[in-house]
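Here is the structure we will look at, set down as structure tokens.
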Amino acid sequence: MTGSVVITGIGVVVRDAMGLDAFADWLMPGGGLPDRPEHFDTSAFRAGNAYAVNPDRCATALARLGLAGLLPESDRDCAAHGLLAAAEALAMAGLDDAALRAACGCVMATTSGGMMDRFADAICAGDDGADYRLTAPPGATAEVLARQFGLQGPFASFSSACASSPAAFSYALSRVRRGDTPLMLVGGSDRMRAADFAGFNALRAMDRDSCRPFDQTRRGMVIGDGAAMLVIEDEAHALARGARPLARLREVGLALDAHHITHPSPDGLARAMRQALHRAGLAPDQIAYVNCHGTGTPVNDKTEVEALAAVFADESARPLISSTKGATGHLLGSAGAIEAVITILALRLGCAPAMATTAAPEPTRFPMPGPDGPAPFAGTFAMSNSLGFGGINSSLIFEACAGDAR
Amino acid sequence: MSDSIVITATALALAEQPAPSVPAGGKTASGAFSILRLPEEPADRRHTQLSSRLSRLIGELASRAGLLPADLAGPTTGLVSGSRYGCSLVADMHRRLRELGPRGIDAVGFAQATHNFPVSACAIDYGIQGPGIALVSSHAAGMEALTCGRDWLLEGRCDRVIVAAFEDLEGPAAAHVELLAAPGAPPVHEAMALVLLERGSTARARRATVLAEIAGTAMMRPGAETGDLRAVAQRAFGHLPASMGILLAAPESASPPETAGGAPMLVDCLAVGGLLALIRALDRPGPGDWLVGALDPRTGGIAAGLRCPPNACSEVAA
């Protein structure tokens, strides 16, 4: 074990793209606009647009990979997104060997995760709920993935609101660095539910049309769903078996606000960023790009800029910042995982995705991509921040590896 | 030289007897099956039953550790929870939406239905600003939380960590537990268990009583390694102790640890089982080495090696 941990595989499922290359091609010019989800009716809600993965596309992709039939038809839900993304990540990492997979652990992030809502519906309707025997608990997706791919290493499932994914990365990183296993499958998978719509509508945190992070006219978020899975691996182990490192996972910062359940405080996020920088042995001016949480709510974006300004105090050396939620939507528990992937893509391509919905940016005093195209940057290190309900803050730092762009 | 990680206090709420107001569960195919519920907890509007209980037990934990509630404030204390079913209000929110439509969901209720709400609400109560996260995972979730807390201390993220495990078997969670119950299964107990981890240097500096040192942890693969607890102990302690007690919590369907290590089965309290095993081990008189943990037959488990010094005994409160 070297202590250096690299990413050797990535898999992505979002509304507009299945697969990393398709995702990069779609995202970098700015992505697309949200629309009405196809798997449930949102007409009763004040704001009903979303970035929802089409369940039929998902089922077709599962069938193509020979993964259909693993779950009862009704269970092709959160776990289905995770299965597709995990299959891509494991294949990219070259983990075909059963012994390697057996050594590999599985750590997932999610918000509601399992199928407890459908189980509850079933028993209320007089059914025994047996279809949901294995998939109802919130951590069921991780169990499905571990079983399907023969992953027998360290296991865990995190549900810490929108900061769930960085928590999973932190646990996975510790398992590899502590020598519990040389490699882990880690990421997030979520499927939006009507209750998510109802909750965020009740909070008046959603925009009827589109999410416009850091825009002067921003009114709120738009929910998305999908999954992003990554294989993280001890660098020496990866190189010894001929795997190609895509980036290094340098550090994770974690901090609570202890402030308010729904209202964030800049202090907690600033501490998470400083912790990650300190642990990585980096100065703020070494960070070239920050993928912000950037939900597009008035309060979140204002708070986040305050925290960024506190950490990156030297205005002459501030990083490029952006939010990609105007392109993907807010993937809730898996937001941190998809944004980790975007941060890695940005490092590999040397540019941050366009912010197509941000036409009138706030004067944040940080450089930001415009709406018309990706913004180039030069540097080796990039950060991805996530904030969760209840004041859970986190910050991931990635380092570019030498090699080709993708 | 790395610091040791020690346990300086524990706290436990375990439903040992059915609460008078709660009927004894439903029926399995082969007979009665009970879920023993903890009694109702008074909760103010900011709290749920679950977060209120956690807040109260954190206060007890601090008191047993010789700490004031104010000592928990700031970035030097972390808080992590582990559970199998998490926050039962998630399912309740779906029910209200189904029955009442969007107007049945309010902002506070939505926030309270997130699985990390107990952690966040208690962090606000006590001003805890270190790392904080919630696991909603396997039967070993309590031990996963313990592993998280130990990581944070070893990595210098904070000086002490409150590790919590709980099961709140309200509504659909109870129905699901019953669905999974094997014929003739013993009752499942609702429970909440807390362990205070500190860096050895922090505990020594404030002259705290050390109940045990965590020598290490060992991951257990599903099925494969549960038959050889000597190998697990070797990894957890860094060597094979000359003698040790073993307490592993395992659900009914797991390979019984008794066959390999002479360990008694504990009551089934799902993800709380691992921390309950730990607390039970600390409750035994005298010094000694203990291998404690939890095992999930589908996803494996985690065992911790405990070194208990002489004259240290935790108080266990029902």
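Each chain in the structure tokens gets a letter, A, B and so on, in the order shown; residues start at 1 in every chain, and ligands are counted from 1 in the order they appear.
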
Contact residues (chain B, partner chain A, 6 Å, only C-alpha atoms) as a list in words: Tyr85, Ala91, His94, Pro102, Asp106, Ala107, Phe110, Asn116, Ser120, Ala123, Ile124, Gly127, Ile128, Gln129, Gly130, Pro131, Gly132, Ile133, Ala134, Leu135, Val136, Ser137, Pro172 and Arg221 of chain B

Using only C-alpha atoms, which protein or nucleic acid residues come within 6 Å of region 239-251 of chain B? Drop anything in the same chain fewer than 4 positions from it, and give the result as an mmCIF file with N, CA, C and O atoms, in the first residue's frame.
data_model
loop_
_atom_site.group_PDB
_atom_site.id
_atom_site.type_symbol
_atom_site.label_atom_id
_atom_site.label_comp_id
_atom_site.auth_asym_id
_atom_site.auth_seq_id
_atom_site.Cartn_x
_atom_site.Cartn_y
_atom_site.Cartn_z
ATOM 1 N N GLN B 234 -6.831 -12.348 14.811
ATOM 2 C CA GLN B 234 -5.437 -12.033 14.448
ATOM 3 C C GLN B 234 -5.359 -10.660 13.788
ATOM 4 O O GLN B 234 -4.480 -9.849 14.089
ATOM 5 N N ALA B 263 -19.091 -18.271 21.043
ATOM 6 C CA ALA B 263 -19.731 -17.000 21.371
ATOM 7 C C ALA B 263 -21.222 -17.176 21.563
ATOM 8 O O ALA B 263 -21.873 -17.840 20.776
ATOM 9 N N LEU B 266 -26.554 -12.871 20.875
ATOM 10 C CA LEU B 266 -27.178 -11.770 21.592
ATOM 11 C C LEU B 266 -28.615 -11.654 21.149
ATOM 12 O O LEU B 266 -29.026 -12.254 20.165
ATOM 13 N N GLY B 273 -26.761 -4.436 17.109
ATOM 14 C CA GLY B 273 -26.177 -5.631 17.712
ATOM 15 C C GLY B 273 -24.688 -5.524 17.993
ATOM 16 O O GLY B 273 -24.211 -5.973 19.036
ATOM 17 N N GLY B 274 -23.927 -4.961 17.071
ATOM 18 C CA GLY B 274 -22.476 -4.878 17.250
ATOM 19 C C GLY B 274 -22.100 -4.034 18.452
ATOM 20 O O GLY B 274 -21.245 -4.422 19.266
ATOM 21 N N ALA B 277 -23.025 -5.803 21.624
ATOM 22 C CA ALA B 277 -21.994 -6.790 21.971
ATOM 23 C C ALA B 277 -20.830 -6.106 22.678
ATOM 24 O O ALA B 277 -20.310 -6.598 23.689
ATOM 25 N N ASP B 289 -9.193 -9.564 26.933
ATOM 26 C CA ASP B 289 -9.342 -9.233 25.519
ATOM 27 C C ASP B 289 -10.688 -9.744 25.022
ATOM 28 O O ASP B 289 -11.099 -10.864 25.349
ATOM 29 N N TRP B 290 -11.334 -8.937 24.242
ATOM 30 C CA TRP B 290 -12.629 -9.303 23.684
ATOM 31 C C TRP B 290 -12.641 -9.046 22.181
ATOM 32 O O TRP B 290 -12.174 -8.012 21.719
ATOM 33 N N LEU B 291 -13.199 -10.006 21.468
ATOM 34 C CA LEU B 291 -13.492 -9.795 20.053
ATOM 35 C C LEU B 291 -14.996 -9.570 19.959
ATOM 36 O O LEU B 291 -15.780 -10.458 20.303
ATOM 37 N N VAL B 292 -15.385 -8.370 19.546
ATOM 38 C CA VAL B 292 -16.811 -8.044 19.473
ATOM 39 C C VAL B 292 -17.140 -7.559 18.067
ATOM 40 O O VAL B 292 -16.269 -7.060 17.354
ATOM 41 N N GLY B 293 -18.386 -7.719 17.685
ATOM 42 C CA GLY B 293 -18.745 -7.204 16.362
ATOM 43 C C GLY B 293 -20.096 -7.673 15.902
ATOM 44 O O GLY B 293 -20.911 -8.157 16.688
ATOM 45 N N ALA B 294 -20.319 -7.500 14.626
ATOM 46 C CA ALA B 294 -21.593 -7.876 14.027
ATOM 47 C C ALA B 294 -21.345 -8.444 12.643
ATOM 48 O O ALA B 294 -20.397 -8.068 11.957
ATOM 49 N N LEU B 295 -22.243 -9.315 12.266
ATOM 50 C CA LEU B 295 -22.076 -10.044 11.013
ATOM 51 C C LEU B 295 -23.403 -10.044 10.270
ATOM 52 O O LEU B 295 -24.437 -10.369 10.836
#

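Within 9 Å of Ala93 (chain A), once only C-alpha atoms are used and residues closer than 3 positions along the same chain are dropped, the contacting residues are Ile7, Thr8, Gly9, Ile10, Glu88, Ala89, Leu90, Asp96, Leu230, Val231, Ala238, Ala243, Arg244 and Pro245 of chain A.
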
CA of Leu185 (chain A) to CA of Ala400 (chain A), straight-line distance in Å: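 It comes out at 19.7 Å.
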
All residues 9 Å or closer to region 61-68 of chain A, only C-alpha atoms, same chain fewer than 2 positions away omitted, as number ranges by chain: A: 18, 56-59, 70-71, 73, 76, 80, 83-84, 87, 148

Expected answer as an MDAnalysis selection string: strand (DSSP E or B) residues in region 76-241 of chain A: chainID A and resid 105:109 155:158 183:190 206 215 221 223:224 226:234

Of the listed residues A:Ala247, A:Leu387, A:Val14, A:Ile321, that which approaches Pro264 (chain A) most closely, counting only C-alpha atoms: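 Among A:Ala247, A:Leu387, A:Val14, A:Ile321, it is A:Leu387 that comes nearest to Pro264 (chain A).
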
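The spacing separating CA of Thr8 (chain B) from CA of Val210 (chain B) amounts to 4.9 Å.
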
Nearest to His330 (chain A), chosen from A:Ala270, A:Met221, A:Met92, A:Ile232, with only C-alpha atoms counted in the distances: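 Of A:Ala270, A:Met221, A:Met92, A:Ile232, the one nearest His330 (chain A), counting only C-alpha atoms, is A:Met221.
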
Contacts of Gly373 (chain A) within 12 Å, only C-alpha atoms, excl. fewer than 3 positions in-chain, as a list of chain:residue names: A:Trp26, A:Leu27, A:Met28, A:Pro29, A:Gly30, A:Gly31, A:Cys351, A:Ala352, A:Pro353, A:Ala354, A:Met355, A:Ala356, A:Thr357, A:Thr358, A:Met368, A:Pro369, A:Gly370, A:Pro376

Any chance you can output those residues with C-alpha atoms as a short mmCIF file (atom, residue, chain, number, x, y, z; two decimals), in the first residue's frame?
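This went into part14.cif:
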data_model
loop_
_atom_site.label_atom_id
_atom_site.label_comp_id
_atom_site.auth_asym_id
_atom_site.auth_seq_id
_atom_site.Cartn_x
_atom_site.Cartn_y
_atom_site.Cartn_z
CA TRP A 26 -23.42 16.03 -23.51
CA LEU A 27 -22.27 17.92 -20.42
CA MET A 28 -19.35 20.03 -21.60
CA PRO A 29 -21.37 22.27 -23.96
CA GLY A 30 -23.89 22.82 -21.15
CA GLY A 31 -26.27 19.83 -21.08
CA CYS A 351 -11.94 22.86 -18.77
CA ALA A 352 -15.13 23.23 -16.77
CA PRO A 353 -18.53 22.63 -18.40
CA ALA A 354 -20.50 25.60 -19.70
CA MET A 355 -23.20 26.93 -17.39
CA ALA A 356 -25.88 27.16 -20.04
CA THR A 357 -28.67 28.33 -17.73
CA THR A 358 -26.66 31.04 -15.98
CA MET A 368 -17.01 31.21 -13.82
CA PRO A 369 -17.77 29.53 -17.15
CA GLY A 370 -20.23 31.38 -19.35
CA PRO A 376 -10.47 26.32 -19.80
#

Close residues, Ala276 (chain A) itself excluded, 7 Å, only C-alpha atoms, min 4 positions apart in chain, as a list in words: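 In the requested form, the answer reads Glu251, Val252, Gly253, Ala272, Ala280, Ser395, Leu396 and Ile397 of chain A.
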
CA of Gly82 (chain A) to CA of Arg95 (chain B), distance in Å rounded to a single decimal: 25.9 Å

Nearby residues (only C-alpha atoms) at most 12 Å from Leu14 (chain B), same-chain spacing under 6 positions excluded, as an NGL selection string: :B and (35-39 or 53 or 57 or 165-168 or 188-194 or 267-270 or 272-273 or 275-276 or 279 or 316-318)
